[in-house]
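Only one structure is covered here, and it is reproduced in the block below.
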Amino acid sequence: MRIQYLKKIAGFGITAGLLIGCATGPKIESQPIPNLNTANAKTVKLSEDELKNWGSKDLVLDTVPGMSVDRAYDQIIKDYEGETVIVAVLDSGIDIEHEDLEGVIWTNIDEIPNNGIDDDENGYVDDIHGWNFLGDIVEENLEMTRIVRDFQDKFEGKRTSEISAEEADEFEMYKAAKAELEKEIQESQGALNQYSAMNNQLQMAEENFKDELDTNTLSIEKLNNFETEDEALQNQKIFLLNIMNNIGEDLGEVQDRLSSAIDYFQGRMETHFNLDLNARAKVLGDDEDDFSTKYYGNNDVSGPQEDKADAKHGTHVAGIIAAERKNEKGMKGVADNVLIMPIRAVPDGDEYDKDIALGIRYAVDNGAKVINTSFGKYYSVHPEWVKAAIKYAEENDVLIVNAAGNEGINLDKKQVYPNDETPENSANFVDNFINVGAITSQYGDKLVSGFSNYGKNSVDIFAPGSEIYATTPLNKYEFLGGTSMASPNVAGVAAMIRSLYPKLSAKQVKDILMESGLTTDQEVIVGGDANVVKPFSELSVSGNMINMYNAIILASKTK
């Protein structure tokens, strides 16, 4: 399942790094890891323990296409601490009491806790550990749903010839959103019906065969040995064997997976596509179209749910970046000497442009040097607000690291928000924004995660994003996958560069990350479709995978 390096590159040697603690960072004499094009896919599947840390492994030493994090700490920076760097995480909320995050959560030292006074006069009362722009909102619509809801009275039933030039863009956006919403509703309802029917059929067939075989547990062997002339039972036998051979022999686990799928699509029908939800007005009481009202929400950065389930995504992202490396618990984050600034702005549904714009500005104003944005959408009502906030971050030397998205599509052909370019104009409007695709732990044709978006002009670099083990609420840890996991891996490396070499600008850090990565001349499957194969080097601007070892070496040589 992973790679096996065929032979050591001739003349390749590693010298110990010479570490000198000074204002400009350590001077490192080690040689960078070269590109490894003479490699074959590893056929041995990694164990669960090996998977837990694969993103930190090294292609040469471990035959796994990780970011060489462990190698960097062990060989070139183990004696150098660097400056503390604040990394803002705009996400669904963070469990700041997690055992692996307690020591790495940012605290606003200018604010007196829980006195109900805006001590630092930044507009946010008692923002001790960040801010929650969502208040008590958990479930939300998708942006396309909100567009249909807000514009249907204005545009429904009208033809293009009836629309003024000033309203033309809004009308086209409405038509596109409505068409896609109707398509999504139909597909989700179909999937919901299919999974529900399959689950019911599975439960019925399982109970029938448990009675027939007088057993509490079914197995493939038992079913294969069962003979019957009853046509209904024979059909159920075929159905069960198909499930057990192709999905899993543990039918309880299969039913759990089906139940999860049912809950997912039921949730989409009830919240994501629900034109009557309007959570913003009912729960938060803020007008998403009025940018003059900036101070709303509360300081509960973990979110309103007691079980903190809504903070799962953000907690996982935070752990990838900065889970405590020295406490011998759970996992090790990419970056050491980092503080995480929680900013809750991403609901279960699409984020609001207003919350994201204000969240970026809050992060910048409160000292963040890196901002992780593991979210995105394909419709935006106020993209100018977010673009202005990204520009504000650039003006204040803050790097933004963004997830490219999980639809397996070419972003050179489809606009995603946020990004620093468009399909119509590939020129970046800022130089502090890095868009990240996801890779797997398999160095071969399956290197790129099947879900990952890509694009020669629109995605900047790739990083580990499949089967990433990290913190989840209530002191738990889980494997999750997505470009949402790839982005914080890059954010962690960026934070280490900014910690070790604080004089480097956000633009310099972005350039270092992209130029120091590793590539391959292999062709890889994209979009999860085995029939679509492209050269890996053509899937992003840099053509590279992030590599912390090389990035630190290049940073040490950058003036």
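Labeling convention for the structure tokens: chains A, B, ... as they appear, residues from 1 per chain, ligands from 1 in order of appearance.
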Next on the checklist: Give me the residues near A:Ala197 as a PyMOL selection string, where near means some atom within 12 Å (using only C-alpha atoms) and where sequence neighbours in that chain fewer than 5 positions away do not count.
Outcome noted: chain A and resi 190-192+202-204+255+258-259+262
Checklist entry - Which polymer residues have any atom within 10 Å of an atom of A:Asn402, counting only C-alpha atoms, with same-chain residues fewer than 4 positions away left out, as a VMD selection string? => result chain A and resid 371 to 376 418 to 419 433 to 437 459 to 460 483 to 484 486 to 488 490 to 491
Item to check | Test item, helix (DSSP H, G or I) assignment across stretch 386-538 of chain A, answer as JSON, numbers by chain | outcome: {"A": [386, 387, 388, 389, 390, 391, 392, 393, 394, 395, 483, 484, 485, 486, 487, 488, 489, 490, 491, 492, 493, 494, 495, 496, 497, 498, 499, 500, 506, 507, 508, 509, 510, 511, 512, 513, 514, 515, 536, 537, 538]}
Next on the checklist: Show me, as a PyMOL selection string, the residues that have an atom within 6 Å of stretch 94-106 of chain A when counting only C-alpha atoms, minus same-chain residues fewer than 5 positions from it.
Outcome noted: chain A and resi 129+302+311+314-315+323-324+339-341+473+475
Identify, on the basis of only C-alpha atoms, every residue whose closest approach to A:Lys414 does not exceed 10 Å; exclude the query and any residue fewer than 3 positions from it along the same chain; express the result as an mmCIF file with C-alpha atoms, in the first residue's frame.
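This went into result26.cif:
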data_model
loop_
_atom_site.group_PDB
_atom_site.id
_atom_site.type_symbol
_atom_site.label_atom_id
_atom_site.label_comp_id
_atom_site.auth_asym_id
_atom_site.auth_seq_id
_atom_site.Cartn_x
_atom_site.Cartn_y
_atom_site.Cartn_z
ATOM 1 C CA TYR A 378 -18.550 27.308 -4.863
ATOM 2 C CA ILE A 409 -12.247 18.526 -9.688
ATOM 3 C CA ASN A 410 -9.925 20.794 -11.648
ATOM 4 C CA LEU A 411 -10.146 24.239 -10.037
ATOM 5 C CA THR A 422 -9.997 32.722 -10.750
ATOM 6 C CA PRO A 423 -10.404 30.402 -13.749
ATOM 7 C CA GLU A 424 -10.631 33.520 -15.896
ATOM 8 C CA GLY A 455 -5.224 22.629 -10.754
ATOM 9 C CA SER A 458 -5.252 27.198 -8.817
#
Next on the checklist: Can you pull out every residue from stretch 231-342 of chain A that DSSP, working from the backbone, puts in strand (DSSP E), and format the result as a PyMOL selection string?
Outcome noted: chain A and resi 338-342
Export of the given selection (C-alpha atoms) as a PDB file, in the first residue's frame:
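The result, stored in part-v9.pdb:
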ATOM      1  CA  VAL A 338       3.078  27.470  18.476  1.00  0.00           C
ATOM      2  CA  LEU A 339      -0.095  28.891  19.995  1.00  0.00           C
ATOM      3  CA  ILE A 340      -3.470  28.161  18.373  1.00  0.00           C
ATOM      4  CA  MET A 341      -5.969  31.034  18.162  1.00  0.00           C
ATOM      5  CA  PRO A 342      -9.489  29.550  17.837  1.00  0.00           C
TER       6      PRO A 342
END
Applying 6 Å and only C-alpha atoms, which residues near stretch 348-363 of chain A remain after dropping the ones on its own chain fewer than 6 positions away? List them as a PDB file with C-alpha atoms, in the first residue's frame.
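Saved the output as around01.pdb:
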ATOM      1  CA  ALA A  88      -5.257  31.215  13.873  1.00  0.00           C
ATOM      2  CA  VAL A 138     -24.531  24.654  14.483  1.00  0.00           C
ATOM      3  CA  GLU A 139     -26.525  23.645  11.389  1.00  0.00           C
ATOM      4  CA  GLU A 140     -26.680  25.999   8.427  1.00  0.00           C
ATOM      5  CA  ASN A 141     -27.712  26.126   4.779  1.00  0.00           C
ATOM      6  CA  LEU A 142     -25.369  25.776   1.857  1.00  0.00           C
ATOM      7  CA  GLU A 143     -24.716  29.073   0.088  1.00  0.00           C
ATOM      8  CA  HIS A 272     -28.295  22.201   4.030  1.00  0.00           C
ATOM      9  CA  HIS A 382     -19.913  38.896  -0.910  1.00  0.00           C
ATOM     10  CA  TRP A 385     -15.310  41.197   1.694  1.00  0.00           C
ATOM     11  CA  VAL A 386     -13.175  38.079   1.926  1.00  0.00           C
ATOM     12  CA  ALA A 389      -9.602  40.634   4.320  1.00  0.00           C
TER      13      ALA A 389
END
Next on the checklist: If we count only C-alpha atoms and set the cut-off at 10 Å, which residues sit around stretch 229-236 of chain A, ignoring sequence neighbours fewer than 5 positions away in its own chain? Please answer as an MDAnalysis selection string.
Outcome noted: chainID A and resid 201:202 204:206 208:209 212 241:242
Item to check | atom CA of A:Lys27 to atom CA of A:Ile553, straight-line distance in Å | outcome: 8.4 Å
Item to check | Residues within 7 Å of A:Gly527, only C-alpha atoms, excluding chain neighbours under 2 positions, as a PyMOL selection string | outcome: chain A and resi 408-409+450-452+525+529
Checklist entry - Which is closest to A:Gly543 among A:Ala555, A:Leu513, A:Ala494, A:Leu240, if we use only C-alpha atoms? => result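 Closest candidate: A:Leu513.
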Checklist entry - Between A:Lys559, A:Lys78, A:Arg149, A:Lys45, which one has atoms that come closest to A:Val509, using only C-alpha atoms? => result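 Distance minimum relative to A:Val509 lands on A:Lys559.
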Checklist entry - From the list A:Ile147, A:Ile552, A:Leu275, A:Ile468, which residue is nearest A:Asp49 when using only C-alpha atoms? => result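 The answer is A:Ile468, which sits nearest to A:Asp49.
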Checklist entry - Smallest atom-to-atom distance to A:Pro65: which of A:Tyr80, A:Gln152, A:Asn53, A:Arg325, using only C-alpha atoms? => result A:Asn53
Next on the checklist: From the options A:Thr471, A:Gln522, A:Asn246, A:Ser466, which residue's atoms come nearest to A:Thr440, counting only C-alpha atoms?
Outcome noted: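 When distances to A:Thr440 are compared using only C-alpha atoms, the smallest one comes from A:Ser466.
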